[in-house]
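Undergrad: Here you go, entry.tsv (TSV, C-alpha atoms and all ligand atoms):
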chain	number	residue	atom	x	y	z
A	1	MET	CA	110.56	122.15	108.12
A	2	GLN	CA	111.49	118.53	108.78
A	3	THR	CA	111.71	117.08	112.26
A	4	ASN	CA	111.62	113.89	114.28
A	5	ALA	CA	109.40	116.00	116.57
A	6	SER	CA	111.45	115.05	119.62
A	7	LEU	CA	111.71	118.61	120.98
A	8	LEU	CA	108.25	119.80	120.09
A	9	ASN	CA	106.08	121.43	122.76
A	10	ASP	CA	102.95	123.59	122.88
A	11	GLU	CA	104.86	126.85	122.66
A	12	LEU	CA	106.79	125.80	119.57
A	13	ALA	CA	103.68	124.33	117.95
A	14	ALA	CA	101.79	127.60	118.50
A	15	HIS	CA	104.69	129.44	116.83
A	16	LEU	CA	104.67	127.05	113.86
A	17	ALA	CA	100.92	127.49	113.48
A	18	GLU	CA	101.10	131.27	113.70
A	19	TYR	CA	103.72	131.48	110.94
A	20	LYS	CA	102.08	128.76	108.86
A	21	PHE	CA	104.99	126.33	108.75
A	22	LEU	CA	104.48	123.07	106.90
A	23	VAL	CA	106.11	120.42	109.08
A	24	GLY	CA	107.37	117.02	107.89
A	25	VAL	CA	107.37	114.53	110.76
A	26	SER	CA	109.57	111.44	110.51
A	27	ILE	CA	107.53	108.35	111.20
A	28	ASP	CA	108.27	105.01	109.56
A	29	GLY	CA	105.19	103.04	110.57
A	30	PRO	CA	103.76	101.33	113.67
A	31	GLY	CA	105.95	101.08	116.79
A	32	PRO	CA	108.00	97.93	116.07
A	33	ILE	CA	108.80	99.10	112.53
A	34	HIS	CA	109.51	102.70	113.43
A	35	ASP	CA	111.70	101.76	116.38
A	36	ARG	CA	113.84	99.32	114.45
A	37	TYR	CA	116.13	102.12	113.26
A	38	ARG	CA	114.84	105.12	115.21
A	39	ARG	CA	115.83	104.51	118.78
A	40	SER	CA	116.95	107.37	121.03
A	41	SER	CA	120.59	107.81	122.05
A	42	ARG	CA	119.79	105.67	125.11
A	43	GLU	CA	118.29	102.95	122.90
A	44	ARG	CA	114.78	103.91	124.02
A	45	SER	CA	111.76	103.62	121.73
A	46	SER	CA	110.97	106.93	120.04
A	47	HIS	CA	107.62	105.96	118.51
A	48	ALA	CA	105.44	106.94	121.48
A	49	ASP	CA	107.13	110.35	121.57
A	50	VAL	CA	106.40	110.92	117.89
A	51	LEU	CA	102.72	110.04	118.40
A	52	GLN	CA	102.50	112.43	121.31
A	53	GLU	CA	104.06	115.21	119.28
A	54	ILE	CA	101.75	114.58	116.35
A	55	GLU	CA	98.89	115.18	118.77
A	56	ILE	CA	100.46	118.52	119.78
A	57	LEU	CA	100.66	119.52	116.09
A	58	LYS	CA	97.02	118.55	115.58
A	59	ASN	CA	95.90	120.44	118.69
A	60	HIS	CA	97.54	123.58	117.36
A	61	LYS	CA	96.29	122.97	113.81
A	62	VAL	CA	99.83	122.97	112.42
A	63	GLU	CA	99.95	121.66	108.85
A	64	PHE	CA	102.12	118.57	108.72
A	65	ASN	CA	102.81	115.46	106.71
A	66	ALA	CA	104.57	112.16	107.29
A	67	LEU	CA	108.13	111.55	106.10
A	68	VAL	CA	108.57	107.81	105.79
A	69	LEU	CA	112.07	106.52	105.37
A	70	VAL	CA	111.73	103.37	103.26
A	71	SER	CA	114.32	101.06	104.82
A	72	SER	CA	114.78	97.33	105.22
A	73	ALA	CA	112.39	97.62	108.20
A	74	ASN	CA	109.36	98.55	106.12
A	75	VAL	CA	110.09	98.11	102.39
A	76	LYS	CA	108.07	94.89	102.22
A	77	ARG	CA	105.09	96.32	104.15
A	78	PRO	CA	103.82	99.28	102.09
A	79	ARG	CA	100.12	98.61	102.59
A	80	GLU	CA	100.50	98.33	106.35
A	81	ILE	CA	102.48	101.56	106.56
A	82	TYR	CA	100.04	103.44	104.36
A	83	ASP	CA	96.97	102.23	106.26
A	84	TYR	CA	98.62	102.95	109.59
A	85	LEU	CA	99.38	106.57	108.69
A	86	CYS	CA	95.90	107.13	107.28
A	87	GLY	CA	94.52	105.64	110.50
A	88	LEU	CA	96.41	108.33	112.42
A	89	GLY	CA	94.60	110.91	110.30
A	90	ILE	CA	97.72	111.69	108.25
A	91	ASN	CA	96.73	111.89	104.60
A	92	PHE	CA	99.87	113.43	103.12
A	93	HIS	CA	102.92	111.15	103.01
A	94	GLN	CA	106.41	111.30	101.51
A	95	TYR	CA	108.27	108.03	100.98
A	96	ILE	CA	112.04	108.44	100.83
A	97	PRO	CA	114.30	105.49	99.91
A	98	CYS	CA	117.02	104.85	102.48
A	99	VAL	CA	120.32	104.21	100.68
A	100	GLU	CA	123.50	104.46	102.76
A	101	PHE	CA	126.92	102.80	102.47
A	102	ASP	CA	129.86	102.57	104.85
A	103	ALA	CA	133.30	104.06	104.12
A	104	ARG	CA	134.24	100.97	102.12
A	105	GLY	CA	131.13	101.19	100.01
A	106	ARG	CA	129.34	98.29	101.68
A	107	LYS	CA	125.60	98.53	102.02
A	108	LEU	CA	124.42	99.33	105.56
A	109	PRO	CA	121.74	97.11	107.16
A	110	TYR	CA	118.89	99.58	106.65
A	111	THR	CA	119.70	100.26	102.98
A	112	ILE	CA	117.21	99.03	100.41
A	113	SER	CA	117.89	97.99	96.85
A	114	GLY	CA	116.13	98.92	93.64
A	115	ALA	CA	114.98	95.31	93.35
A	116	GLU	CA	113.20	95.53	96.70
A	117	LEU	CA	111.39	98.69	95.65
A	118	LYS	CA	110.54	97.19	92.30
A	119	ALA	CA	109.00	94.14	93.95
A	120	GLU	CA	106.06	96.36	94.92
A	121	TRP	CA	105.46	97.56	91.37
A	122	ASN	CA	103.15	96.25	88.77
A	123	ASP	CA	104.99	94.35	86.01
A	124	LEU	CA	103.67	96.90	83.52
A	125	CYS	CA	105.74	99.59	85.26
A	126	SER	CA	108.95	97.57	84.89
A	127	ILE	CA	108.72	97.75	81.12
A	128	CYS	CA	107.02	101.13	80.85
A	129	PRO	CA	108.86	103.71	78.71
A	130	TYR	CA	107.81	106.42	81.18
A	131	LEU	CA	109.08	104.71	84.31
A	132	GLU	CA	111.92	107.20	84.86
A	133	PHE	CA	109.38	110.04	85.05
A	134	CYS	CA	106.47	108.30	86.73
A	135	CYS	CA	108.23	105.82	89.07
A	136	GLY	CA	105.05	103.75	89.19
A	137	ASP	CA	103.07	106.73	90.58
A	138	CYS	CA	102.18	107.42	94.21
A	139	LEU	CA	101.38	104.41	96.38
A	140	LYS	CA	98.00	105.80	97.36
A	141	HIS	CA	96.87	105.54	93.74
A	142	HIS	CA	97.52	101.77	93.85
A	143	LEU	CA	95.48	100.97	96.92
A	144	TYR	CA	91.93	101.74	95.77
A	145	ASN	CA	89.26	99.11	96.49
A	146	GLY	CA	91.57	97.39	99.00
A	147	ASN	CA	93.99	96.36	96.22
A	148	PRO	CA	97.54	95.23	97.02
A	149	PRO	CA	100.41	97.70	96.35
A	150	GLN	CA	101.36	95.81	93.16
A	151	THR	CA	98.15	96.97	91.49
A	152	VAL	CA	98.83	99.39	88.65
A	153	SER	CA	98.04	103.01	89.48
A	154	TRP	CA	94.46	104.16	89.03
A	155	LEU	CA	95.89	107.09	87.04
A	156	CYS	CA	98.15	104.99	84.79
A	157	ALA	CA	96.24	105.54	81.54
A	158	GLY	CA	96.23	109.29	82.16
A	159	TRP	CA	99.94	109.37	82.95
A	160	ARG	CA	100.75	107.44	79.79
A	161	GLU	CA	98.76	109.85	77.67
A	162	PHE	CA	100.33	112.84	79.40
A	163	TYR	CA	103.91	111.59	78.92
A	164	GLN	CA	103.27	110.46	75.36
A	165	HIS	CA	102.00	113.93	74.49
A	166	SER	CA	104.41	116.08	76.49
A	167	ILE	CA	107.82	114.36	76.28
A	168	PRO	CA	108.34	115.09	72.54
A	169	LEU	CA	107.75	118.77	73.29
A	170	PHE	CA	110.72	119.02	75.67
B	1	LIG	S1	102.68	105.29	83.42
B	1	LIG	FE1	101.63	103.54	84.34
B	1	LIG	S2	102.86	101.74	83.76
B	1	LIG	FE2	104.12	103.58	83.43
B	1	LIG	S3	105.30	103.79	85.34
B	1	LIG	FE3	103.44	105.06	85.52
B	1	LIG	S4	101.93	103.78	86.53
B	1	LIG	FE4	103.58	102.41	85.80
Mind turning this structure into structure tokens?
TA:
Amino acid sequence: MQTNASLLNDELAAHLAEYKFLVGVSIDGPGPIHDRYRRSSRERSSHADVLQEIEILKNHKVEFNALVLVSSANVKRPREIYDYLCGLGINFHQYIPCVEFDARGRKLPYTISGAELKAEWNDLCSICPYLEFCCGDCLKHHLYNGNPPQTVSWLCAGWREFYQHSIPLF
């Protein structure tokens, strides 16, 4: 189940825990980043509400992960977002590119481009024959030893071997 957690309370959290729901909570980073495009209908900040509701999920031991919309608000700050979520005790993240156009096909302000995403890759990935399958691998595999996001994945050699072996078999 995916939610912005805005209507979550103890009763609902107990229900989710009892029936073993896996909940994806939308959170795009620290307050100023999250609130850039996630304000309530009255233009209020929603970040504090999300933090409060994450605490409710934790208290009820509901399994959850973070759904991060990668928009123009956070696309250039991957390390900060990743560290922030880990600091909240959230170790499972999904990063979803935000790509939306208006009725005339013009890019909306929060939309990111492929070039912006690519800027956080290692140059090796840009020319890798397995890029369409691997997509540079998960961000968390880049950040070992305090490395910047552009570091090639720790698992790169293994991925290459895997794709080299398996792709001809499909
Ligand atoms: S296999 Fe390695 S070089 Fe190729 S896309 Fe994946 S991480 Fe990048």
Undergrad: Restrict the calculation to all atoms listed in the file, then for each residue of chain A with any atom at most 7 Å from an atom of ligand LIG 1 (chain B) give the closest atom pair and their distance in Å to one decimal, rows by chain and rising residue number, as a tab-separated table.
TA:
residue	atom	partner	partner_atom	distance
A:Asn122	CA	B:LIG1	FE4	6.9
A:Leu124	CA	B:LIG1	S2	4.9
A:Cys125	CA	B:LIG1	FE4	3.6
A:Cys128	CA	B:LIG1	FE2	4.6
A:Pro129	CA	B:LIG1	FE2	6.7
A:Tyr130	CA	B:LIG1	FE2	5.2
A:Leu131	CA	B:LIG1	S3	4.0
A:Cys134	CA	B:LIG1	FE3	4.6
A:Cys135	CA	B:LIG1	S3	5.2
A:Gly136	CA	B:LIG1	S3	3.9
A:Asp137	CA	B:LIG1	S4	5.1
A:Val152	CA	B:LIG1	S4	5.8
A:Ser153	CA	B:LIG1	S4	4.9
A:Leu155	CA	B:LIG1	S4	6.9
A:Cys156	CA	B:LIG1	FE1	3.8
A:Ala157	CA	B:LIG1	FE1	6.4
A:Trp159	CA	B:LIG1	S1	4.9
A:Arg160	CA	B:LIG1	S1	4.6
Undergrad: Tell me, in Å to one decimal, how far atom CA of A:Leu22 is from atom CA of A:Ser41.
TA: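 Between these atoms lies a distance of 26.9 Å.
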Undergrad: Any idea what the distance is between atom CA of A:Phe133 and atom CA of A:Leu67?
TA: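 Value for the atom CA of A:Phe133-atom CA of A:Leu67 distance: 21.1 Å.
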Undergrad: What does the distance from atom CA of A:Tyr19 to atom CA of A:Leu85 come to in Å, to one decimal?
TA: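 Interatomic distance here is 25.4 Å.
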Undergrad: Find the residue from A:Cys86, A:Val70, A:Ile127, A:Val23 that sits nearest to A:Gly114; use all atoms listed in the file when measuring.
TA: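 Of A:Cys86, A:Val70, A:Ile127, A:Val23, the one nearest A:Gly114 is A:Val70, counting all atoms listed in the file.
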Undergrad: Find the residues near A:Lys58: any atom within 12 Å, counting all atoms listed in the file, skip ones fewer than 5 places away on the same chain, and give them as a PyMOL selection string.
TA: chain A and resi 9-10+13-14+16-17+23+51-53+63-65+88-90
Undergrad: Neighbours of A:Pro109 within 12 Å (all atoms listed in the file; same-chain residues fewer than 6 positions away dropped), as a PDB file with C-alpha atoms, in the frame of the given file?
TA:
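What follows is the written file selection_5.pdb:
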ATOM      1  CA  ARG A  36     113.840  99.320 114.450  1.00  0.00           C
ATOM      2  CA  TYR A  37     116.130 102.120 113.260  1.00  0.00           C
ATOM      3  CA  SER A  71     114.320 101.060 104.820  1.00  0.00           C
ATOM      4  CA  SER A  72     114.780  97.330 105.220  1.00  0.00           C
ATOM      5  CA  ALA A  73     112.390  97.620 108.200  1.00  0.00           C
ATOM      6  CA  CYS A  98     117.020 104.850 102.480  1.00  0.00           C
ATOM      7  CA  VAL A  99     120.320 104.210 100.680  1.00  0.00           C
ATOM      8  CA  GLU A 100     123.500 104.460 102.760  1.00  0.00           C
ATOM      9  CA  PHE A 101     126.920 102.800 102.470  1.00  0.00           C
ATOM     10  CA  ASP A 102     129.860 102.570 104.850  1.00  0.00           C
TER      11      ASP A 102
END
Undergrad: What's the 12 Å shell around A:Tyr82, counting all atoms listed in the file, without same-chain residues fewer than 3 positions away, as an MDAnalysis selection string?
TA: chainID A and resid 27:30 66:68 70 74:79 85:95 138:144 146 148:149
Undergrad: Please put the answer as JSON: centre and edge lengths, in Å with one decimal, of a box along x, y and z that encloses all listed atoms of stretch 118-136 of chain A plus 3 Å on each side.
TA:
{"center_x": 107.5, "center_y": 102.1, "center_z": 86.8, "size_x": 14.8, "size_y": 21.9, "size_z": 22.2}
Undergrad: In terms of the shortest atom-to-atom distance over all atoms listed in the file, which of A:His60, A:Arg106, A:Arg39, A:His34 is closest to A:Leu12?
TA: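 Closest residue, counting all atoms listed in the file: A:His60.
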